[in-house]
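These notes concern the structure reproduced below.
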Amino acid sequence: MFKVGITGGIGSGKTTVARIFKSLGIPVFHSDDEAKKCYSTHPEVRQKILDFIGPDAYDTDDEPNFPLIAQRVFTNEALLKQVNALIHPLVAQRFESWCTENQKTAYVLKEAAILVETGANRALDALIVVKAPEQLRIERVMQRTRQSRESIEARIRQQGSVEEALKLADYCIVNDGEEALIPQVLSIHAQLIERSNTPR
Ligand code: ATP
């Protein structure tokens, strides 16, 4: 199974780009959604999150309080590391079993906000990075959510520079609102089909 990662900072447009690949028949694994599911489906995760963050981490219906969890972890680097160490291995396991369920296509796509920083890219065969100017990213996220400019800027700083990911990228997609996305995706799709057929 040829595995391709797609990453990019908050608001860069990686989900939008992944959707175009999906329309071409490519299965997409959304790591951030899978990570969120772990909070409800793994009792040991629930217990540890309660230990790390406190009783407010889950609401009265026992649903994770993601805005509060995000606010705590993105302002506390040590806590963020603890939570990542808990969740990322579970997402990695889920991705491996998902791959065995999706073996019919030339390649599969793993979308994640953070790939290179966790070393998850090492288990992938190719990496796509989506990039967009920072101000545009902030405006897009402000339009989509009620978050303040300050909290989005804090998240961008916490995610770190996209430069590291770009150094390791096989393909870069520019999503600056000017360069058309579909031709960029079609070109990479054709190259990935070619590569996935080539013995490694
Ligand atoms: P996040 O990490 O926050 O999930 P993301 O990188 O997955 O962000 P998207 O969700 O794809 O980014 O895009 C952020 C917002 O910007 C969405 O509302 C999306 O519809 C919009 N957007 C993305 N790309 C474009 C574009 N080329 N033109 C217009 N709107 C766009």
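Convention: chains lettered A, B, ... in structure tokens order; per-chain residue numbering from 1; ligands numbered from 1 as shown.
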Give me the chain A side of the contact with ligand 1, cut-off 6 Å, one line per residue showing its nearest atom pair and distance in Å at one decimal, counting only C-alpha atoms and all ligand atoms, sorted by chain and residue number, as CSV.
residue,atom,partner,partner_atom_place_in_ligand_line,distance
A:Gly8,CA,ligand 1,6 (O),5.8
A:Gly9,CA,ligand 1,6 (O),5.7
A:Ile10,CA,ligand 1,2 (O),3.5
A:Gly11,CA,ligand 1,8 (O),3.7
A:Ser12,CA,ligand 1,6 (O),4.0
A:Gly13,CA,ligand 1,11 (O),3.2
A:Lys14,CA,ligand 1,6 (O),4.0
A:Thr15,CA,ligand 1,11 (O),3.7
A:Thr16,CA,ligand 1,11 (O),3.7
A:Ala113,CA,ligand 1,2 (O),5.5
A:Arg140,CA,ligand 1,16 (O),4.4
A:Val141,CA,ligand 1,15 (C),5.6
A:Arg144,CA,ligand 1,18 (O),5.0
A:Asn175,CA,ligand 1,27 (N),5.3
A:Gly177,CA,ligand 1,27 (N),4.6
Convert the current residue selection to file output with all heavy atoms, as a CSV table (one decimal), in the first residue's frame.
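The resulting file, again-v6.csv, is shown below:
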chain,number,residue,atom,x,y,z
A,8,GLY,N,-0.2,20.7,6.4
A,8,GLY,CA,-0.2,22.1,6.2
A,8,GLY,C,-0.7,22.7,7.5
A,8,GLY,O,-1.5,22.1,8.2
A,9,GLY,N,-0.4,24.0,7.7
A,9,GLY,CA,-0.8,24.6,8.9
A,9,GLY,C,-2.3,24.9,8.9
A,9,GLY,O,-3.0,24.7,7.9
A,10,ILE,N,-2.8,25.3,10.1
A,10,ILE,CA,-4.2,25.6,10.3
A,10,ILE,C,-4.7,26.7,9.2
A,10,ILE,O,-3.9,27.6,8.9
A,10,ILE,CB,-4.5,26.2,11.7
A,10,ILE,CG1,-6.0,26.5,11.9
A,10,ILE,CG2,-3.6,27.4,12.0
A,10,ILE,CD1,-6.3,26.8,13.4
A,11,GLY,N,-5.8,26.3,8.5
A,11,GLY,CA,-6.3,27.2,7.5
A,11,GLY,C,-5.6,27.2,6.2
A,11,GLY,O,-5.9,28.0,5.2
A,12,SER,N,-4.6,26.3,6.0
A,12,SER,CA,-3.9,26.3,4.7
A,12,SER,C,-4.7,25.7,3.6
A,12,SER,O,-4.5,26.1,2.4
A,12,SER,CB,-2.6,25.5,4.9
A,12,SER,OG,-2.9,24.2,5.3
A,13,GLY,N,-5.7,24.9,4.0
A,13,GLY,CA,-6.6,24.3,3.0
A,13,GLY,C,-6.3,22.8,2.8
A,13,GLY,O,-6.8,22.3,1.7
A,14,LYS,N,-5.7,22.1,3.7
A,14,LYS,CA,-5.4,20.7,3.5
A,14,LYS,C,-6.7,19.9,3.3
A,14,LYS,O,-6.7,19.0,2.5
A,14,LYS,CB,-4.4,20.1,4.5
A,14,LYS,CG,-4.9,20.3,5.9
A,14,LYS,CD,-3.8,20.0,6.9
A,14,LYS,CE,-4.2,20.4,8.3
A,14,LYS,NZ,-4.6,21.9,8.4
A,15,THR,N,-7.7,20.2,4.1
A,15,THR,CA,-9.0,19.5,4.1
A,15,THR,C,-9.6,19.7,2.7
A,15,THR,O,-10.2,18.8,2.1
A,15,THR,CB,-9.9,19.9,5.2
A,15,THR,OG1,-9.2,19.8,6.4
A,15,THR,CG2,-11.1,18.9,5.3
A,16,THR,N,-9.6,20.9,2.2
A,16,THR,CA,-10.2,21.3,0.9
A,16,THR,C,-9.4,20.5,-0.2
A,16,THR,O,-10.1,19.9,-1.1
A,16,THR,CB,-10.0,22.8,0.7
A,16,THR,OG1,-10.6,23.5,1.8
A,16,THR,CG2,-10.6,23.3,-0.6
A,113,ALA,N,-2.7,17.7,10.6
A,113,ALA,CA,-2.2,19.1,10.8
A,113,ALA,C,-0.7,19.0,11.2
A,113,ALA,O,0.1,19.8,10.8
A,113,ALA,CB,-3.0,19.8,11.9
A,140,ARG,N,-9.2,33.0,6.8
A,140,ARG,CA,-10.1,31.8,6.5
A,140,ARG,C,-10.6,31.2,7.8
A,140,ARG,O,-11.8,30.8,7.9
A,140,ARG,CB,-9.3,30.7,5.7
A,140,ARG,CG,-9.1,31.0,4.2
A,140,ARG,CD,-8.2,30.0,3.6
A,140,ARG,NE,-7.9,30.3,2.2
A,140,ARG,CZ,-6.9,29.8,1.6
A,140,ARG,NH1,-6.0,29.1,2.1
A,140,ARG,NH2,-6.7,30.1,0.3
A,141,VAL,N,-9.7,31.0,8.7
A,141,VAL,CA,-10.1,30.4,10.0
A,141,VAL,C,-11.1,31.3,10.8
A,141,VAL,O,-12.1,30.8,11.3
A,141,VAL,CB,-8.9,30.0,10.9
A,141,VAL,CG1,-9.3,29.3,12.2
A,141,VAL,CG2,-8.0,29.0,10.1
A,144,ARG,N,-14.4,30.8,9.3
A,144,ARG,CA,-15.0,29.5,9.6
A,144,ARG,C,-15.4,29.3,11.0
A,144,ARG,O,-16.4,28.6,11.3
A,144,ARG,CB,-14.0,28.4,9.2
A,144,ARG,CG,-14.5,27.0,9.1
A,144,ARG,CD,-13.4,26.1,8.9
A,144,ARG,NE,-12.4,26.2,10.0
A,144,ARG,CZ,-11.2,25.6,10.1
A,144,ARG,NH1,-10.9,24.7,9.1
A,144,ARG,NH2,-10.4,25.8,11.0
A,175,ASN,N,-2.0,27.2,-2.1
A,175,ASN,CA,-3.4,27.5,-2.0
A,175,ASN,C,-3.6,29.0,-1.6
A,175,ASN,O,-4.0,29.3,-0.5
A,175,ASN,CB,-4.1,26.6,-1.0
A,175,ASN,CG,-5.6,26.8,-1.0
A,175,ASN,OD1,-6.2,27.4,-1.9
A,175,ASN,ND2,-6.2,26.4,0.1
A,177,GLY,N,-5.3,31.3,-3.1
A,177,GLY,CA,-6.5,31.9,-3.7
A,177,GLY,C,-6.3,32.4,-5.1
A,177,GLY,O,-7.2,32.9,-5.7
Would you pick out the contacts of A:Leu24 at 12 Å or less, using only C-alpha atoms, so that residues sharing its chain but fewer than 3 positions from it are not included, and give the list as a PyMOL selection string?
chain A and resi 17-21+27-28+105-109+182+185-186+188-190+193
Counting only C-alpha atoms, the residue among A:Pro43, A:Arg157, A:Ala78, A:Ile114 that lies closest to A:Pro64 is A:Pro43
Return as an MDAnalysis selection string the full set of residues in stretch 2-199 of chain A whose backbone-based DSSP assignment is alpha helix (DSSP H). chainID A and resid 14:23 31:41 43:53 66:73 77:101 134:144 149:159 163:168 181:197
With C-alpha atoms retained, could you export that selection as a compact mmCIF listing (two decimals), in the first residue's frame?
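Listed below is the output, again_21.txt:
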# COMPACT_ATOMS: atom_id res chain seq x y z
CA LYS A 14 -5.40 20.72 3.47
CA THR A 15 -8.97 19.45 4.05
CA THR A 16 -10.15 21.29 0.93
CA VAL A 17 -7.31 19.77 -1.11
CA ALA A 18 -7.90 16.30 0.40
CA ARG A 19 -11.52 16.60 -0.72
CA ILE A 20 -10.37 17.03 -4.34
CA PHE A 21 -8.25 13.86 -4.07
CA LYS A 22 -11.29 12.10 -2.59
CA SER A 23 -13.36 13.15 -5.61
CA SER A 31 -6.05 12.01 11.48
CA ASP A 32 -7.47 14.94 13.42
CA ASP A 33 -11.00 13.47 13.34
CA GLU A 34 -9.66 10.06 14.34
CA ALA A 35 -7.75 11.69 17.21
CA LYS A 36 -10.97 13.30 18.43
CA LYS A 37 -12.78 9.95 18.33
CA CYS A 38 -10.18 8.45 20.71
CA TYR A 39 -11.40 10.75 23.49
CA SER A 40 -14.80 9.04 23.48
CA THR A 41 -13.95 5.50 22.43
CA PRO A 43 -11.84 4.56 28.40
CA GLU A 44 -8.13 4.78 29.29
CA VAL A 45 -7.78 7.97 27.20
CA ARG A 46 -10.81 9.47 28.96
CA GLN A 47 -9.31 8.69 32.37
CA LYS A 48 -5.90 10.15 31.49
CA ILE A 49 -7.44 13.30 30.00
CA LEU A 50 -9.44 13.76 33.22
CA ASP A 51 -6.20 13.28 35.22
CA PHE A 52 -4.27 15.75 33.02
CA ILE A 53 -6.92 18.44 32.60
CA PHE A 66 -12.86 20.12 22.95
CA PRO A 67 -12.81 23.93 23.18
CA LEU A 68 -11.65 23.69 26.79
CA ILE A 69 -9.17 20.87 26.08
CA ALA A 70 -7.72 22.90 23.15
CA GLN A 71 -7.49 26.05 25.23
CA ARG A 72 -5.56 24.14 27.96
CA VAL A 73 -3.19 22.16 25.75
CA GLU A 77 3.56 22.84 25.98
CA ALA A 78 4.23 20.11 28.57
CA LEU A 79 0.54 19.19 28.63
CA LEU A 80 0.39 19.21 24.84
CA LYS A 81 3.30 16.74 24.75
CA GLN A 82 1.58 14.45 27.27
CA VAL A 83 -1.69 14.49 25.33
CA ASN A 84 0.08 13.91 22.01
CA ALA A 85 2.03 10.97 23.48
CA LEU A 86 -1.30 9.47 24.52
CA ILE A 87 -3.26 10.05 21.31
CA HIS A 88 -0.75 9.81 18.44
CA PRO A 89 0.13 6.10 18.85
CA LEU A 90 -3.59 5.24 18.85
CA VAL A 91 -4.13 7.24 15.65
CA ALA A 92 -1.10 5.54 14.07
CA GLN A 93 -2.55 2.11 14.93
CA ARG A 94 -5.95 3.08 13.55
CA PHE A 95 -4.30 4.31 10.34
CA GLU A 96 -2.52 0.97 9.84
CA SER A 97 -5.75 -1.02 10.18
CA TRP A 98 -7.61 1.50 7.98
CA CYS A 99 -4.92 0.94 5.29
CA THR A 100 -5.57 -2.79 5.27
CA GLU A 101 -9.28 -2.01 4.70
CA GLU A 134 -0.34 33.43 6.90
CA GLN A 135 -2.76 36.38 6.73
CA LEU A 136 -5.01 34.47 4.36
CA ARG A 137 -4.94 31.44 6.67
CA ILE A 138 -5.96 33.59 9.62
CA GLU A 139 -8.81 35.18 7.65
CA ARG A 140 -10.08 31.78 6.47
CA VAL A 141 -10.12 30.36 9.99
CA MET A 142 -11.77 33.51 11.38
CA GLN A 143 -14.52 33.14 8.79
CA ARG A 144 -15.02 29.47 9.58
CA ARG A 149 -7.27 36.52 15.57
CA GLU A 150 -5.07 36.21 18.69
CA SER A 151 -6.03 32.61 19.40
CA ILE A 152 -5.46 31.64 15.75
CA GLU A 153 -2.06 33.36 15.77
CA ALA A 154 -1.21 31.48 18.98
CA ARG A 155 -2.15 28.18 17.32
CA ILE A 156 0.00 29.04 14.29
CA ARG A 157 2.99 29.76 16.54
CA GLN A 158 2.39 26.56 18.48
CA GLN A 159 2.16 24.46 15.28
CA GLU A 163 9.34 25.24 6.52
CA GLU A 164 10.42 21.95 8.15
CA ALA A 165 7.60 20.09 6.42
CA LEU A 166 8.40 21.83 3.13
CA LYS A 167 12.01 20.61 3.31
CA LEU A 168 10.74 17.03 3.43
CA LEU A 181 -6.03 23.94 -7.00
CA ILE A 182 -7.50 21.35 -9.36
CA PRO A 183 -4.65 21.35 -11.95
CA GLN A 184 -2.09 21.08 -9.12
CA VAL A 185 -3.97 18.10 -7.63
CA LEU A 186 -4.38 16.39 -11.02
CA SER A 187 -0.67 16.68 -11.74
CA ILE A 188 0.32 15.21 -8.34
CA HIS A 189 -2.34 12.49 -8.64
CA ALA A 190 -0.86 11.38 -11.98
CA GLN A 191 2.66 11.33 -10.50
CA LEU A 192 1.51 9.35 -7.45
CA ILE A 193 -0.21 6.75 -9.62
CA GLU A 194 3.02 6.40 -11.60
CA ARG A 195 5.13 6.14 -8.42
CA SER A 196 2.81 3.67 -6.73
CA ASN A 197 3.21 1.36 -9.77
Run DSSP on the backbone and tell me which residues of stretch 15-161 of chain A come out as strand (DSSP E or B); list them as a PyMOL selection string.
chain A and resi 28-30+58+64+107-111+126-131
From atom CA of A:Ile26 to atom CA of A:Ala123 the spacing works out at 18.5 Å
